[in-house]
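J.: If it helps, the file is called model.cif and holds mmCIF, C-alpha atoms:
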data_protein
loop_
_atom_site.label_atom_id
_atom_site.label_comp_id
_atom_site.auth_asym_id
_atom_site.auth_seq_id
_atom_site.Cartn_x
_atom_site.Cartn_y
_atom_site.Cartn_z
CA MET G 1 102.55 208.13 67.94
CA ALA G 2 102.16 204.46 68.53
CA THR G 3 102.97 203.16 71.88
CA THR G 4 104.50 199.72 72.56
CA GLU G 5 102.46 197.50 74.89
CA ARG G 6 104.50 196.30 77.76
CA PRO G 7 103.88 193.07 79.64
CA PRO G 8 102.53 193.48 83.11
CA PRO G 9 105.20 193.59 85.74
CA ALA G 10 105.90 190.38 87.61
CA PRO G 11 104.40 190.45 91.05
CA SER G 12 106.68 190.43 93.99
CA PRO G 13 106.96 187.29 96.08
CA GLY G 14 105.00 188.87 98.88
CA ASP G 15 102.16 189.99 96.65
CA PRO G 16 98.88 188.12 97.51
CA ALA G 17 97.98 188.03 93.83
CA ALA G 18 100.95 185.77 93.17
CA THR G 19 99.57 183.07 95.39
CA ALA G 20 96.05 183.36 94.00
CA ARG G 21 97.12 183.07 90.39
CA PRO G 22 96.56 179.54 88.98
CA PRO G 23 99.68 177.63 88.01
CA ARG G 24 100.78 177.67 84.47
CA SER G 25 99.34 174.71 82.50
CA ARG G 26 101.82 171.96 81.59
CA PRO G 27 101.49 169.21 79.05
CA ALA G 28 99.91 165.97 80.39
CA ARG G 29 102.46 163.37 81.43
CA ASP G 30 101.88 159.62 81.38
CA ASP G 31 101.76 158.19 84.88
CA ARG G 32 104.03 155.33 83.81
CA THR G 33 107.69 155.95 83.33
CA ARG G 34 110.24 153.76 81.78
CA SER G 35 111.29 152.48 85.19
CA ASP G 36 107.75 151.36 86.17
CA PRO G 37 107.13 147.53 85.97
CA PRO G 38 104.85 146.26 83.21
CA ASP G 39 101.27 145.22 83.86
CA ASP G 40 100.80 141.95 85.87
CA ILE G 41 100.24 139.24 83.30
CA ARG G 42 98.44 137.02 85.81
CA ALA G 43 95.36 139.17 85.48
CA SER G 44 95.00 138.13 81.86
CA VAL G 45 95.54 134.36 82.51
CA PRO G 46 92.32 132.44 83.13
CA ARG G 47 91.93 131.12 86.64
CA THR G 48 91.39 127.57 85.38
CA LEU G 49 94.70 127.66 83.52
CA ARG G 50 96.53 128.96 86.57
CA ILE G 51 95.10 126.20 88.78
CA SER G 52 95.91 123.58 86.16
CA ALA G 53 99.49 124.79 85.88
CA ALA G 54 99.95 124.78 89.66
CA LEU G 55 98.58 121.25 89.94
CA SER G 56 100.65 120.06 86.97
CA TRP G 57 104.04 120.99 88.32
CA ARG G 58 103.15 119.58 91.74
CA LEU G 59 102.04 116.37 90.05
CA LEU G 60 105.32 116.24 88.15
CA VAL G 61 107.22 116.55 91.42
CA VAL G 62 105.21 113.69 92.95
CA VAL G 63 105.74 111.51 89.86
CA ALA G 64 109.46 112.23 89.92
CA ALA G 65 109.65 111.31 93.61
CA LEU G 66 107.75 108.06 92.97
CA ALA G 67 110.05 107.29 90.05
CA VAL G 68 113.11 107.72 92.27
CA ILE G 69 111.57 105.52 94.97
CA GLY G 70 110.64 102.90 92.39
CA THR G 71 114.15 102.90 90.96
CA VAL G 72 115.69 102.44 94.40
CA VAL G 73 113.23 99.65 95.28
CA ALA G 74 113.89 97.90 91.94
CA TYR G 75 117.64 98.15 92.52
CA LEU G 76 117.23 96.67 96.01
CA ALA G 77 114.57 94.13 94.99
CA ALA G 78 116.67 91.23 96.29
CA ILE G 79 116.34 92.78 99.76
CA VAL G 80 112.95 94.51 99.59
CA VAL G 81 110.99 91.46 98.39
CA PRO G 82 112.26 89.05 101.10
CA VAL G 83 111.64 91.67 103.79
CA ALA G 84 108.10 92.25 102.47
CA ILE G 85 107.39 88.50 102.40
CA ALA G 86 108.75 88.22 105.94
CA LEU G 87 106.38 91.00 106.97
CA LEU G 88 103.44 89.10 105.48
CA LEU G 89 104.46 85.94 107.32
CA ALA G 90 104.94 87.93 110.52
CA ALA G 91 101.41 89.27 110.18
CA LEU G 92 100.19 85.69 109.87
CA LEU G 93 102.27 84.24 112.73
CA SER G 94 102.47 87.12 115.21
CA PRO G 95 99.03 86.41 116.75
CA ALA G 96 100.28 82.93 117.68
CA VAL G 97 103.37 84.43 119.32
CA GLY G 98 101.20 86.93 121.18
CA ARG G 99 98.88 84.16 122.38
CA LEU G 100 101.82 82.19 123.76
CA THR G 101 103.29 85.23 125.51
CA ARG G 102 99.93 85.92 127.16
CA HIS G 103 100.17 82.42 128.63
CA HIS G 104 103.47 83.43 130.30
CA VAL G 105 105.72 81.80 127.70
CA PRO G 106 108.96 83.80 127.17
CA ARG G 107 108.88 85.67 123.90
CA ALA G 108 112.10 84.10 122.64
CA LEU G 109 110.74 80.61 123.31
CA ALA G 110 107.38 81.52 121.76
CA THR G 111 109.14 82.80 118.63
CA ALA G 112 111.19 79.61 118.40
CA LEU G 113 108.12 77.41 118.79
CA VAL G 114 106.16 79.27 116.14
CA MET G 115 109.09 79.32 113.72
CA VAL G 116 109.85 75.60 114.16
CA GLY G 117 106.19 74.67 113.90
CA GLY G 118 105.65 76.85 110.84
CA LEU G 119 108.75 75.61 109.02
CA ALA G 120 107.94 71.99 109.89
CA GLY G 121 104.40 72.33 108.61
CA LEU G 122 105.50 74.09 105.42
CA GLY G 123 108.28 71.56 104.81
CA GLY G 124 105.90 68.65 105.35
CA VAL G 125 103.33 70.05 102.93
CA LEU G 126 105.96 70.76 100.27
CA THR G 127 107.49 67.31 100.66
CA PHE G 128 104.11 65.63 100.35
CA VAL G 129 103.21 67.71 97.29
CA ILE G 130 106.54 67.03 95.56
CA ILE G 131 106.40 63.28 96.23
CA THR G 132 102.82 63.11 94.99
CA PHE G 133 103.72 65.11 91.90
CA ILE G 134 106.65 62.81 91.07
CA ARG G 135 104.50 59.72 91.53
CA GLY G 136 101.74 61.12 89.34
CA LEU G 137 103.96 62.17 86.44
CA PRO G 138 104.20 58.73 84.76
CA GLU G 139 100.43 58.34 84.71
CA LEU G 140 100.02 61.84 83.35
CA GLY G 141 102.65 61.11 80.69
CA ASN G 142 100.82 57.99 79.56
CA GLN G 143 97.52 59.85 79.39
CA LEU G 144 99.21 62.69 77.55
CA SER G 145 100.55 60.24 74.95
CA THR G 146 97.09 58.74 74.55
CA SER G 147 95.58 62.21 74.15
CA VAL G 148 98.18 63.16 71.56
CA ASP G 149 97.45 59.98 69.61
CA THR G 150 93.73 60.79 69.78
CA ILE G 151 94.36 64.31 68.50
CA VAL G 152 96.53 63.02 65.66
CA THR G 153 93.83 60.51 64.67
CA TRP G 154 91.23 63.25 64.71
CA LEU G 155 93.43 65.50 62.56
CA THR G 156 93.88 62.77 59.95
CA THR G 157 90.37 61.29 59.92
CA GLY G 158 88.35 64.28 61.06
CA PRO G 159 87.12 67.33 59.19
CA LEU G 160 90.62 68.67 58.54
CA GLN G 161 91.79 65.53 56.68
CA LEU G 162 95.49 66.25 57.20
CA SER G 163 97.95 63.83 55.63
CA GLU G 164 100.69 62.02 57.52
CA GLN G 165 103.25 63.93 55.48
CA GLN G 166 101.87 67.25 56.74
CA LEU G 167 101.95 66.03 60.33
CA ARG G 168 105.48 64.74 59.90
CA GLY G 169 106.50 68.09 58.42
CA ALA G 170 105.07 69.88 61.47
CA GLN G 171 106.97 67.52 63.76
CA ASP G 172 110.23 68.09 61.87
CA GLU G 173 109.70 71.84 62.06
CA VAL G 174 109.28 71.68 65.84
CA LEU G 175 112.45 69.61 66.17
CA ALA G 176 114.36 72.01 63.93
CA THR G 177 113.20 74.94 66.04
CA LEU G 178 114.40 73.21 69.19
CA SER G 179 117.78 72.44 67.61
CA ALA G 180 118.22 76.02 66.40
CA ASN G 181 117.46 77.39 69.88
CA GLN G 182 119.53 74.83 71.77
CA SER G 183 122.02 77.44 72.91
CA SER G 184 119.26 79.68 74.18
CA ILE G 185 117.75 76.75 76.05
CA THR G 186 121.13 75.96 77.61
CA VAL G 187 121.60 79.57 78.68
CA GLY G 188 118.09 79.54 80.09
CA ALA G 189 118.87 76.43 82.10
CA LEU G 190 122.02 78.04 83.51
CA THR G 191 120.03 81.18 84.32
CA THR G 192 117.45 79.03 86.06
CA ALA G 193 120.19 77.40 88.14
CA ALA G 194 121.50 80.84 89.13
CA THR G 195 117.95 81.93 89.92
CA ILE G 196 117.50 78.91 92.19
CA GLY G 197 120.67 79.87 94.05
CA GLN G 198 119.39 83.42 94.44
CA MET G 199 116.02 82.11 95.65
CA VAL G 200 117.73 80.02 98.33
CA THR G 201 119.63 83.09 99.51
CA GLU G 202 116.47 85.17 99.60
CA LEU G 203 114.66 82.39 101.46
CA LEU G 204 117.33 82.47 104.16
CA LEU G 205 116.92 86.25 104.36
CA VAL G 206 113.15 85.79 104.77
CA VAL G 207 113.66 83.37 107.66
CA PHE G 208 116.26 85.57 109.34
CA THR G 209 114.10 88.71 109.02
CA LEU G 210 110.98 86.87 110.18
CA ILE G 211 112.70 85.84 113.41
CA PHE G 212 113.42 89.46 114.29
CA PHE G 213 109.93 90.62 113.27
CA LEU G 214 108.33 88.04 115.56
CA HIS G 215 110.70 88.53 118.48
CA SER G 216 111.20 92.32 118.52
CA GLY G 217 108.70 93.77 116.08
CA ARG G 218 107.48 96.35 118.59
CA GLY G 219 111.00 97.65 119.19
CA ILE G 220 111.61 97.92 115.44
CA TRP G 221 108.38 99.92 115.05
CA GLU G 222 109.27 102.27 117.92
CA PHE G 223 112.67 102.90 116.36
CA LEU G 224 111.07 103.78 113.01
CA LEU G 225 108.44 105.88 114.78
CA SER G 226 111.12 108.05 116.37
CA ALA G 227 111.83 109.54 112.92
CA ALA G 228 108.36 111.17 112.83
CA PRO G 229 107.97 114.73 114.22
CA ALA G 230 106.89 114.81 117.86
CA GLU G 231 103.67 116.71 117.16
CA VAL G 232 102.34 114.04 114.80
CA ARG G 233 103.99 110.98 116.29
CA THR G 234 100.83 109.79 118.01
CA ARG G 235 98.78 110.04 114.81
CA VAL G 236 101.44 108.16 112.89
CA ASP G 237 101.55 105.49 115.59
CA VAL G 238 97.78 105.00 115.41
CA ALA G 239 97.85 104.90 111.61
CA GLY G 240 100.68 102.36 111.64
CA ARG G 241 98.84 100.11 114.08
CA ARG G 242 95.69 100.26 111.98
CA SER G 243 97.75 99.37 108.90
CA LEU G 244 99.20 96.36 110.69
CA ALA G 245 95.69 95.33 111.75
CA ALA G 246 94.59 95.53 108.12
CA LEU G 247 97.56 93.41 107.05
CA VAL G 248 96.86 90.80 109.74
CA SER G 249 93.18 90.62 108.79
CA TYR G 250 94.01 90.36 105.10
CA ILE G 251 96.57 87.56 105.54
CA ARG G 252 94.32 85.61 107.90
CA ALA G 253 91.30 85.81 105.64
CA THR G 254 93.30 85.05 102.51
CA ALA G 255 94.87 81.99 104.14
CA VAL G 256 91.45 80.65 105.19
CA VAL G 257 90.01 81.30 101.73
CA ALA G 258 93.02 79.60 100.13
CA VAL G 259 92.58 76.49 102.32
CA VAL G 260 88.87 76.29 101.50
CA ASP G 261 89.54 76.68 97.76
CA ALA G 262 92.33 74.09 97.76
CA VAL G 263 90.36 71.50 99.74
CA ALA G 264 87.17 71.91 97.69
CA ILE G 265 88.92 71.83 94.31
CA GLY G 266 91.17 68.96 95.43
CA ILE G 267 88.15 66.89 96.45
CA GLY G 268 86.48 67.60 93.12
CA LEU G 269 89.59 66.58 91.18
CA ALA G 270 90.00 63.43 93.28
CA VAL G 271 86.36 62.39 92.72
CA LEU G 272 86.82 62.82 88.98
CA ARG G 273 90.12 60.87 89.19
CA ILE G 274 92.10 63.71 87.62
CA PRO G 275 95.87 63.04 87.80
CA LEU G 276 97.95 65.18 90.17
CA ALA G 277 94.93 66.21 92.22
CA VAL G 278 96.99 66.99 95.35
CA PRO G 279 99.67 69.09 93.57
CA LEU G 280 96.91 70.95 91.74
CA ALA G 281 95.17 71.64 95.06
CA ALA G 282 98.46 72.98 96.45
CA LEU G 283 98.83 75.15 93.36
CA VAL G 284 95.31 76.51 93.94
CA PHE G 285 96.28 77.28 97.55
CA LEU G 286 99.31 79.29 96.46
CA GLY G 287 97.40 81.04 93.68
CA ALA G 288 94.72 82.22 96.11
CA PHE G 289 97.19 84.69 97.61
CA VAL G 290 97.04 86.62 94.31
CA PRO G 291 93.36 87.61 94.23
CA ILE G 292 91.29 87.03 91.09
CA ILE G 293 94.23 86.45 88.74
CA GLY G 294 95.68 83.60 90.80
CA ALA G 295 92.37 81.74 90.82
CA VAL G 296 92.01 82.15 87.05
CA VAL G 297 95.53 80.88 86.29
CA THR G 298 95.50 77.89 88.66
CA GLY G 299 91.95 76.97 87.63
CA GLY G 300 93.00 77.09 83.99
CA VAL G 301 95.85 74.68 84.70
CA ALA G 302 93.46 72.25 86.41
CA VAL G 303 91.00 72.44 83.50
CA LEU G 304 93.80 71.87 80.98
CA ILE G 305 95.07 68.76 82.80
CA ALA G 306 91.51 67.44 83.06
CA LEU G 307 91.09 68.01 79.31
CA VAL G 308 94.31 66.14 78.51
CA ALA G 309 93.59 63.31 80.94
CA HIS G 310 89.86 62.61 80.51
CA GLY G 311 88.57 64.72 77.67
CA PRO G 312 86.22 67.71 77.34
CA VAL G 313 83.43 66.39 79.60
CA SER G 314 85.69 66.15 82.64
CA ALA G 315 87.24 69.50 81.76
CA LEU G 316 83.79 71.14 81.72
CA ILE G 317 82.92 69.57 85.08
CA VAL G 318 86.17 70.84 86.59
CA LEU G 319 85.47 74.29 85.15
CA ALA G 320 81.99 74.25 86.71
CA ILE G 321 83.46 73.26 90.09
CA ILE G 322 86.03 76.06 89.94
CA VAL G 323 83.45 78.69 88.92
CA GLY G 324 81.13 77.57 91.73
CA ILE G 325 83.90 77.80 94.32
CA MET G 326 84.93 81.22 93.04
CA GLN G 327 81.34 82.42 93.42
CA LEU G 328 81.23 81.03 96.95
CA GLU G 329 84.48 82.80 97.71
CA GLY G 330 83.44 86.15 96.24
CA HIS G 331 79.95 86.33 97.75
CA ILE G 332 80.32 84.57 101.11
CA LEU G 333 83.87 83.84 102.24
CA GLN G 334 85.58 87.13 101.44
CA PRO G 335 82.79 89.42 102.77
CA LEU G 336 82.52 87.28 105.90
CA LEU G 337 86.24 86.91 106.61
CA LEU G 338 87.77 90.07 105.23
CA GLY G 339 85.00 92.21 106.67
CA ARG G 340 83.86 95.71 105.78
CA ALA G 341 87.13 97.40 106.74
CA VAL G 342 89.59 95.56 104.51
CA LYS G 343 87.43 94.80 101.48
CA LEU G 344 88.57 96.72 98.42
CA HIS G 345 86.85 97.49 95.16
CA PRO G 346 87.48 94.75 92.54
CA LEU G 347 88.69 97.36 90.05
CA ALA G 348 91.24 98.63 92.57
CA VAL G 349 92.41 95.05 93.15
CA ILE G 350 92.75 94.35 89.42
CA LEU G 351 94.65 97.58 88.76
CA ALA G 352 96.94 97.01 91.74
CA ILE G 353 97.76 93.46 90.65
CA ALA G 354 98.33 94.59 87.06
CA ALA G 355 100.66 97.37 88.19
CA GLY G 356 102.54 95.03 90.52
CA LEU G 357 102.86 92.35 87.83
CA LEU G 358 104.11 94.91 85.32
CA THR G 359 106.68 96.47 87.61
CA ALA G 360 107.90 93.54 89.72
CA GLY G 361 106.56 90.33 88.20
CA ILE G 362 105.07 87.62 90.41
CA ALA G 363 106.39 89.21 93.59
CA GLY G 364 104.71 92.49 92.65
CA ALA G 365 101.40 90.76 92.00
CA LEU G 366 101.67 89.00 95.36
CA LEU G 367 102.47 92.17 97.33
CA ALA G 368 100.25 94.66 95.47
CA VAL G 369 96.94 93.99 97.26
CA PRO G 370 98.40 93.84 100.82
CA LEU G 371 100.20 97.13 100.12
CA LEU G 372 96.94 98.63 98.90
CA ALA G 373 95.12 97.46 102.04
CA VAL G 374 97.84 98.90 104.28
CA LEU G 375 97.84 102.28 102.51
CA ASN G 376 94.05 102.39 102.57
CA SER G 377 93.90 101.95 106.35
CA ALA G 378 96.76 104.39 107.00
CA ILE G 379 95.31 107.16 104.83
CA ARG G 380 91.83 106.76 106.32
CA SER G 381 93.27 106.96 109.81
CA LEU G 382 95.33 110.09 109.09
CA ARG G 383 92.35 111.83 107.48
CA SER G 384 89.82 110.89 110.14
CA ASP G 385 88.88 113.25 112.94
CA ALA G 386 87.86 110.23 115.03
CA ASP G 387 91.52 109.22 115.41
CA ARG G 388 92.72 112.58 116.70
CA HIS G 389 92.13 111.52 120.29
CA THR G 390 92.70 107.77 119.87
CA ARG G 391 95.45 106.32 122.00
CA PRO G 392 97.86 103.92 120.27
CA GLN G 393 97.45 101.31 123.00
CA ASP G 394 93.71 101.19 122.27
CA VAL G 395 94.35 99.88 118.74
CA HIS G 396 94.68 96.08 118.90
CA THR G 397 96.30 94.83 115.73
CA SER G 398 94.86 91.33 116.09
CA GLU G 399 91.26 92.55 115.86
CA PRO G 400 89.65 93.17 112.43
CA GLU G 401 87.68 96.11 113.86
CA ALA G 402 90.95 97.97 114.45
CA THR G 403 91.67 98.36 110.74
CA GLY G 404 89.75 101.63 110.51
CA PRO G 405 88.69 104.53 112.75
CA ASP G 406 85.43 104.38 114.64
CA GLU G 407 83.20 106.42 112.32
CA PRO G 408 79.58 105.27 112.77
CA ASP G 409 78.28 107.77 110.22
CA VAL G 410 80.53 106.42 107.45
CA ASP G 411 79.74 103.21 105.64
CA ARG G 412 83.14 101.76 104.87
CA GLN G 413 81.81 99.21 102.44
CA ALA G 414 80.05 101.89 100.42
CA THR G 415 83.22 103.96 100.45
CA LEU G 416 85.56 101.18 99.43
CA THR G 417 83.44 98.98 97.23
CA GLY G 418 81.27 101.55 95.49
#
Represent the structure of the file as structure tokens.
T.:
Amino acid sequence: MATTERPPPAPSPGDPAATARPPRSRPARDDRTRSDPPDDIRASVPRTLRISAALSWRLLVVVAALAVIGTVVAYLAAIVVPVAIALLLAALLSPAVGRLTRHHVPRALATALVMVGGLAGLGGVLTFVIITFIRGLPELGNQLSTSVDTIVTWLTTGPLQLSEQQLRGAQDEVLATLSANQSSITVGALTTAATIGQMVTELLLVVFTLIFFLHSGRGIWEFLLSAAPAEVRTRVDVAGRRSLAALVSYIRATAVVAVVDAVAIGIGLAVLRIPLAVPLAALVFLGAFVPIIGAVVTGGVAVLIALVAHGPVSALIVLAIIVGIMQLEGHILQPLLLGRAVKLHPLAVILAIAAGLLTAGIAGALLAVPLLAVLNSAIRSLRSDADRHTRPQDVHTSEPEATGPDEPDVDRQATLTG
């Protein structure tokens, strides 16, 4: 008789065999559940791409901030430009005020003396230049007429063999163009009159601001310095003083170079009997404050007037004089006067002037290089370990050596000029 096999009885909970028996096998379960987060995608992104992305968005933030600052400055250009010009003039005149105060002259009286003397000198120079320019215009007009007649004769009898009818047609076309654009010329004249009124207003703002910069510049700087955090206020003070020293050195050296250029080129033009020699020398003086580009533009004007007045030989001589003076300036005057601390790489100067001219016109070209010199000194001071323990009162803004930290192991000229 077949017997039915029964399953073994289940052990009781107290049976030792129950604890020794291995657990019943269960199907393998994935360690991840639906609630677990997905794998970190950063592990699969190349490190170079991650660094590039981090730098890119930070760069975009900086560019956006600069764009906002530029928009605000452009909107307030009628205020920013006069204040900046007043700061340049203060850097030029403040040593004279300081010298008078050291001789026990009250600061208010010293400021008044410097302002009156500066305005009188500037007004005298401008008056002399304008009178000389007005007196020289008739002679230049006569020489211009003679030159035009010579050119017309050359066009008709020279290699081109142009007929009088062709020349008359060109003259009629020029007159027709002027008649067609008469309204635009009238609007331009009215705009020029409005611009002159705005320039007079800005000039008054320059004078008013310059008085306060000369009289209480230190108090203005201390007020602005109070906005810096207390833990870095000393470093910011030192950096600001070094920036002012760089600005003073730059303006001094540029003024001396401009005087030398104007006197030398004026003498050359006078010896060659070029009309308007004195106004051209004054134009060279003003153009010297815009490095490189100013010399090229003003020199080109002098060569053009020499060409119109006395022909190509005189123009070539004037060009040789200007090139020689520019070489003297670039290799002797600027290294000697500007010194190792303020000298900037020519490429940096060109790019700064181009950016200033593009964004703010002539005023931007004038202020670009001083701004670059100021930023250069400030950044070097903030990054230098040598200025960590420098006291602000030890930085004398009237000394060219104060434009940079005392780092004997660093060659500033190699760093700045390449």
J.: Counting all atoms listed in the file, figure out which residue out of G:Ser52, G:Ser249, G:Ser243, G:Thr298 gets nearest to Pro95 (chain G).
T.: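 Of G:Ser52, G:Ser249, G:Ser243, G:Thr298, the one nearest Pro95 (chain G), counting all atoms listed in the file, is G:Ser249.
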J.: Could you tell me which of G:Ala245, G:Ala77, G:Ile130, G:Val308 comes closest to Gln198 (chain G) if we count all atoms listed in the file?
T.: G:Ala77
J.: For the structure provided, state which residues fall under the PyMOL selection byres ((chain G and resi 322) around 10), and present them as a PyMOL selection string.
T.: chain G and resi 261+264-265+268+295-296+298-300+302-303+316-321+323-328
J.: Work out how far CA of Val200 (chain G) is from CA of Ala91 (chain G), in Å to one decimal.
T.: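 Between CA of Ala91 (chain G) and CA of Val200 (chain G) the gap works out to 22.2 Å.
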J.: Please indicate the distance in Å from CA of Ile350 (chain G) to CA of Phe289 (chain G), rounded to one decimal place.
T.: 13.4 Å
J.: Pull out every residue that the PyMOL selection byres ((chain G and resi 378) around 8) matches in the shown coordinates and put them as a list in words.
T.: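 This file gives the following for the PyMOL selection byres ((chain G and resi 378) around 8): Ala239, Gly240, Arg242, Ser243, Val374, Leu375, Asn376, Ser377, Ile379, Arg380, Ser381 and Leu382 of chain G.
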J.: In terms of the shortest atom-to-atom distance over all atoms listed in the file, which of G:Ala64, G:Ala306, G:Val260, G:Val125 is closest to Val284 (chain G)?
T.: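 Under the stated criterion, the closest residue is G:Val260.
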J.: Ranking G:Gly311, G:Pro291, G:Gly404, G:Pro346 by minimum distance to Ala365 (chain G) and counting only C-alpha atoms, which one comes first?
T.: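 For Ala365 (chain G), the nearest of the candidates is G:Pro291.
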J.: Please measure the separation of CA of Leu126 (chain G) and CA of Ala277 (chain G), giving the value in Å to one decimal.
T.: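 Result for CA of Leu126 (chain G) versus CA of Ala277 (chain G): 14.4 Å, one decimal.
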J.: When the PyMOL selection byres ((chain G and resi 81) around 10) is applied to the structure above, which residues does it catch, written out as a PyMOL selection string?
T.: chain G and resi 73-74+76-80+82-87+202+205-206+360+363-364+367
J.: When distances are computed from all atoms listed in the file, which of G:Leu371, G:Ala67, G:Ala120, G:Ala228 shows the smallest separation from Val349 (chain G)?
T.: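 For Val349 (chain G), the nearest of the given residues is G:Leu371.
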J.: Counting only C-alpha atoms, which residues have an atom no more than 12 Å from (89.0, 107.2, 120.2) in the file's coordinates? Please list them as a ChimeraX atom specification.
T.: /G:235,238,381,384-395,402,404-407
J.: Edge lengths and centre in Å to one decimal, as AutoDock Vina command-line options, is what I'm after for the box along x, y and z that holds all listed atoms of region 377-395 of chain G once 5 Å is added on each side.
T.:
--center_x 92.9 --center_y 106.6 --center_z 113.9 --size_x 20.0 --size_y 23.4 --size_z 28.2
J.: For Thr127 (chain G), which residue among G:Arg273, G:Arg383, G:Thr209, G:Val278 is the nearest when counting only C-alpha atoms?
T.: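 Smallest separation from Thr127 (chain G) among the options: G:Val278.
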J.: From (114.6, 86.9, 116.2), in the file's coordinates, out to 7 Å: which residues are reached, counting only C-alpha atoms? Answer as a list of chain:residue names.
T.: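 These residues have at least one counted atom within 7 Å: G:Ile211, G:Phe212, G:Phe213, G:Leu214, G:His215, G:Ser216.
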J.: May I have the residues from that selection written out with C-alpha atoms, as a tab-separated table (two decimals), in the coordinates of the input?
T.:
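Saved file again21.tsv follows:
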chain	number	residue	atom	x	y	z
G	211	ILE	CA	112.70	85.84	113.41
G	212	PHE	CA	113.42	89.46	114.29
G	213	PHE	CA	109.93	90.62	113.27
G	214	LEU	CA	108.33	88.04	115.56
G	215	HIS	CA	110.70	88.53	118.48
G	216	SER	CA	111.20	92.32	118.52
